[in-house]
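Undergrad: Input: one structure, supplied below.
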Amino acid sequence: MKKAGTSIFRYISTTNITSYYALPIALFNSQTCSGLLPITYMNDFKSTCAQPVNEQICLDALNPAKYDNTLCFLTNPETLISDNRSFICCNGPSTPSTWTGSTCSNALRTLTMTIFYLNPTGIVSCSIILNTTSGTLNNAIQQTFTVRFIKNGSIASTTLRSGNPGYIQGAPIIAGTSNGSYIDISDFTILQASTDRSCSDATRIPIRFGENVQSMCLFSPIVFEVCPNQTNLPNIFMPFNSFNLYVAAYGNANPSNITGYWLPVTYCIFEIGSSNEPVCQQGSIPSSSTNQCYIRLDIQIAYANIGSVTNPQPILGAVVFHYQSVTRTYTTTLTTPLLISQSVTFQDISNAPVTQGDQLPRPNVRIP
């Protein structure tokens, strides 16, 4: 039986080699990723540290493939002494980082791992969400590593609850990507400008129920940088590397119960100044007939109040991402910063409440 606090073992099936699974941390009051901490069973983990950018680190510590390529775990350390070891593997592999000139592209920025367990079996499944960015020589990229342990079939944690069942005013909107059987929950945020008005590595603004927000920042070009296009849109506008995005309709939605409780996002694309109508599609972004450079994302969230007038329960009914582009083709290399804007708007689509008065029924009789 796997006990809380015991080490997690990474397993390479091709060589039958096991090792402690550890992730980077900062040591001795330094912000640099200078150490590794072993991950232990049923103990959540979060670490934020900075990686200096050079060619060696780009192809190693900043390489997403290092963290999810052929990543497997032993379900239970008791199988270490067995010739028939039981193990499970996470999703992957990812696209590796590359070094060109003085730029590290597709460098790992965040890793969010969810490990599902069931005692006494141990680990039963796992998934990873990776977000990437770019960095230049002699600068640093801040990395965040998060590991969450979730009992199989249960909601991730009470901190993910934003209401019961309806959303509470100001509570975070719950969202994540689907792997077909459950939702990998991650922060639902929009871009925020840093002190120099840049979009890169800035603290993001969380999307909270009932709070309309708008943000603008400068997408600063680096070597070989091009306009935001349909390939890199998820990594630029949203903290997800996939369009397979779902939003919880209820404030206490279960990530392992998708149908009826999670809303697939509807994506619309529109060219600014065009006379054509927006093209919309649910579950994935519509293919564009021309190469487009996207500069704006407006998120519209519709909800309705259910229940009594004195205790309304806001339930989400639809989430629409409106992407807007300009005529510049996405292959155009940027030479000046590009102004990017995002907004979030909540729309109440509730029917007017119906009041039932306490009146005596009218008699319905006839005189013979």
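Here, A, B, ... name the chains of the structure tokens in the order displayed, residue numbers run from 1 inside each chain, and ligands are numbered from 1 in the same displayed order.
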Can I get the residues of range 188-218 of chain A within 10 Å of range 173-183 of chain A, each with the closest pair of atoms and their distance in Å to one decimal, using only C-alpha atoms, sorted chain first then ascending number, as a Markdown table?
TA:
```
| residue | atom | partner | partner_atom | distance |
| --- | --- | --- | --- | --- |
| A:Phe188 | CA | A:Ala175 | CA | 5.9 |
| A:Thr189 | CA | A:Ile173 | CA | 9.1 |
| A:Pro206 | CA | A:Ile173 | CA | 8.2 |
| A:Ile207 | CA | A:Ile173 | CA | 5.9 |
| A:Arg208 | CA | A:Ile173 | CA | 5.4 |
| A:Phe209 | CA | A:Ile173 | CA | 6.0 |
| A:Gly210 | CA | A:Ile173 | CA | 9.6 |
```
Undergrad: Write out, as a compact mmCIF listing (two decimals), in the first residue's frame, the residues just selected, with all heavy atoms.
TA:
```
# COMPACT_ATOMS: atom_id res chain seq x y z
N PHE A 188 -7.57 30.57 -14.98
CA PHE A 188 -8.26 31.20 -16.11
C PHE A 188 -7.99 32.69 -16.01
O PHE A 188 -8.58 33.39 -15.19
CB PHE A 188 -9.75 30.88 -16.02
CG PHE A 188 -10.53 31.19 -17.27
CD1 PHE A 188 -9.92 31.28 -18.50
CD2 PHE A 188 -11.90 31.39 -17.20
CE1 PHE A 188 -10.64 31.56 -19.65
CE2 PHE A 188 -12.64 31.67 -18.34
CZ PHE A 188 -12.01 31.75 -19.56
N THR A 189 -7.08 33.20 -16.84
CA THR A 189 -6.60 34.57 -16.70
C THR A 189 -6.45 35.23 -18.06
O THR A 189 -6.47 34.57 -19.10
CB THR A 189 -5.23 34.59 -15.99
OG1 THR A 189 -4.29 33.81 -16.76
CG2 THR A 189 -5.31 34.03 -14.59
N PRO A 206 -6.73 37.43 -13.08
CA PRO A 206 -7.69 36.32 -12.99
C PRO A 206 -9.08 36.76 -13.41
O PRO A 206 -9.50 37.90 -13.16
CB PRO A 206 -7.65 35.94 -11.50
CG PRO A 206 -7.17 37.17 -10.80
CD PRO A 206 -6.25 37.86 -11.76
N ILE A 207 -9.81 35.85 -14.06
CA ILE A 207 -11.19 36.11 -14.46
C ILE A 207 -12.10 35.69 -13.32
O ILE A 207 -12.13 34.51 -12.94
CB ILE A 207 -11.54 35.36 -15.75
CG1 ILE A 207 -10.62 35.83 -16.90
CG2 ILE A 207 -13.00 35.56 -16.13
CD1 ILE A 207 -10.84 35.09 -18.20
N ARG A 208 -12.83 36.64 -12.76
CA ARG A 208 -13.69 36.39 -11.60
C ARG A 208 -15.14 36.67 -11.97
O ARG A 208 -15.43 37.58 -12.75
CB ARG A 208 -13.26 37.25 -10.41
CG ARG A 208 -11.82 37.00 -9.98
CD ARG A 208 -11.44 37.83 -8.76
NE ARG A 208 -10.06 37.60 -8.37
CZ ARG A 208 -9.66 36.58 -7.60
NH1 ARG A 208 -10.55 35.72 -7.14
NH2 ARG A 208 -8.39 36.43 -7.29
N PHE A 209 -16.04 35.89 -11.37
CA PHE A 209 -17.44 35.99 -11.75
C PHE A 209 -18.00 37.38 -11.48
O PHE A 209 -17.83 37.95 -10.40
CB PHE A 209 -18.29 34.96 -10.99
CG PHE A 209 -19.75 35.05 -11.34
CD1 PHE A 209 -20.22 34.53 -12.53
CD2 PHE A 209 -20.64 35.70 -10.50
CE1 PHE A 209 -21.55 34.64 -12.87
CE2 PHE A 209 -21.97 35.81 -10.83
CZ PHE A 209 -22.43 35.28 -12.03
N GLY A 210 -18.68 37.93 -12.51
CA GLY A 210 -19.36 39.21 -12.38
C GLY A 210 -18.47 40.42 -12.52
O GLY A 210 -18.96 41.55 -12.42
```
Undergrad: Tell me, as a PyMOL selection string, which residues lie within 12 Å of range 14-30 of chain A, counting only C-alpha atoms; anything in the same chain fewer than 2 positions away does not count.
TA: chain A and resi 6-12+32-41+45-51+61-62+66-68+70-74+77+79-87+110-113+142-147
Undergrad: Could you name the residues that touch range 131-134 of chain A at 6 Å or less, counting only C-alpha atoms, but leaving out those on the same chain fewer than 2 positions away, as an mmCIF file with C-alpha atoms, in the first residue's frame?
TA:
```cif
data_model
loop_
_atom_site.group_PDB
_atom_site.id
_atom_site.type_symbol
_atom_site.label_atom_id
_atom_site.label_comp_id
_atom_site.auth_asym_id
_atom_site.auth_seq_id
_atom_site.Cartn_x
_atom_site.Cartn_y
_atom_site.Cartn_z
ATOM 1 C CA CYS A 104 15.443 30.242 -26.916
ATOM 2 C CA SER A 105 12.051 29.406 -28.449
ATOM 3 C CA ASN A 106 9.326 27.179 -26.987
ATOM 4 C CA ALA A 107 10.937 27.413 -23.552
ATOM 5 C CA LEU A 108 9.039 25.943 -20.616
ATOM 6 C CA ARG A 109 7.258 28.603 -18.529
ATOM 7 C CA THR A 110 4.739 26.635 -16.454
#
```
Undergrad: Nearest to Leu339 in chain A among A:Leu130, A:Leu191, A:Ile315, A:Met42, with distances taken over only C-alpha atoms: which residue is it?
TA: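 Looking only at the distances to Leu339 in chain A, the closest residue turns out to be A:Leu191.
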Undergrad: Please, which residues of range 50-223 of chain A, numbered as in this document, come out alpha helix (DSSP H) from DSSP, as a PyMOL selection string?
TA: chain A and resi 55-58+65-68
Undergrad: Just write the chosen residues, N, CA and C atoms, as a PDB file, in the first residue's frame.
TA:
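New file out_35.pdb:
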```pdb
ATOM      1  N   GLU A  55      22.335  28.812 -24.312  1.00  0.00           N
ATOM      2  CA  GLU A  55      22.054  27.663 -25.177  1.00  0.00           C
ATOM      3  C   GLU A  55      21.956  26.362 -24.394  1.00  0.00           C
ATOM      4  N   GLN A  56      22.846  26.149 -23.433  1.00  0.00           N
ATOM      5  CA  GLN A  56      22.847  24.901 -22.680  1.00  0.00           C
ATOM      6  C   GLN A  56      21.570  24.734 -21.862  1.00  0.00           C
ATOM      7  N   ILE A  57      21.180  25.788 -21.147  1.00  0.00           N
ATOM      8  CA  ILE A  57      19.972  25.711 -20.322  1.00  0.00           C
ATOM      9  C   ILE A  57      18.725  25.649 -21.192  1.00  0.00           C
ATOM     10  N   CYS A  58      18.751  26.327 -22.332  1.00  0.00           N
ATOM     11  CA  CYS A  58      17.611  26.293 -23.248  1.00  0.00           C
ATOM     12  C   CYS A  58      17.291  24.867 -23.672  1.00  0.00           C
ATOM     13  N   ALA A  65      10.230  19.017 -23.388  1.00  0.00           N
ATOM     14  CA  ALA A  65      10.296  17.573 -23.602  1.00  0.00           C
ATOM     15  C   ALA A  65      11.012  16.855 -22.460  1.00  0.00           C
ATOM     16  N   LYS A  66      11.855  17.569 -21.727  1.00  0.00           N
ATOM     17  CA  LYS A  66      12.560  16.957 -20.600  1.00  0.00           C
ATOM     18  C   LYS A  66      11.589  16.526 -19.514  1.00  0.00           C
ATOM     19  N   TYR A  67      10.455  17.219 -19.426  1.00  0.00           N
ATOM     20  CA  TYR A  67       9.545  17.005 -18.309  1.00  0.00           C
ATOM     21  C   TYR A  67       8.376  16.078 -18.628  1.00  0.00           C
ATOM     22  N   ASP A  68       8.050  15.880 -19.907  1.00  0.00           N
ATOM     23  CA  ASP A  68       6.899  15.015 -20.182  1.00  0.00           C
ATOM     24  C   ASP A  68       7.157  13.946 -21.234  1.00  0.00           C
TER      25      ASP A  68
END
```
Undergrad: Between A:Gly122, A:Gly307, A:Gly101, A:Pro228, single out the one closest to Pro337 in chain A, counting only C-alpha atoms.
TA: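 With only C-alpha atoms as the atom set, the closest residue is A:Pro228.
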Undergrad: Quick one: residues within 12 Å of Phe346 in chain A, only C-alpha atoms counted, chain neighbours fewer than 5 positions away excluded, as an MDAnalysis selection string?
TA: chainID A and resid 169:170 173 207:213 298:304 314:320
Undergrad: Include C-alpha atoms and write out the residues we just selected as a CSV table (one decimal), in the first residue's frame.
TA:
```csv
chain,number,residue,atom,x,y,z
A,169,GLN,CA,-19.7,37.2,-6.9
A,170,GLY,CA,-15.9,37.7,-7.3
A,173,ILE,CA,-14.1,31.2,-13.0
A,207,ILE,CA,-11.2,36.1,-14.5
A,208,ARG,CA,-13.7,36.4,-11.6
A,209,PHE,CA,-17.4,36.0,-11.7
A,210,GLY,CA,-19.4,39.2,-12.4
A,211,GLU,CA,-16.3,41.4,-12.8
A,212,ASN,CA,-15.9,42.9,-16.3
A,213,VAL,CA,-12.3,43.7,-17.1
A,298,ASP,CA,-13.1,39.6,-26.3
A,299,ILE,CA,-14.5,37.0,-23.9
A,300,GLN,CA,-18.2,36.9,-23.4
A,301,ILE,CA,-19.7,34.9,-20.5
A,302,ALA,CA,-23.4,34.4,-20.3
A,303,TYR,CA,-25.1,33.3,-17.1
A,304,ALA,CA,-28.6,32.9,-15.7
A,314,PRO,CA,-25.8,32.1,-11.1
A,315,ILE,CA,-25.1,29.2,-13.6
A,316,LEU,CA,-23.0,29.8,-16.7
A,317,GLY,CA,-24.8,29.1,-20.0
A,318,ALA,CA,-22.2,29.9,-22.7
A,319,VAL,CA,-18.6,31.2,-23.1
A,320,VAL,CA,-17.6,32.8,-26.4
```
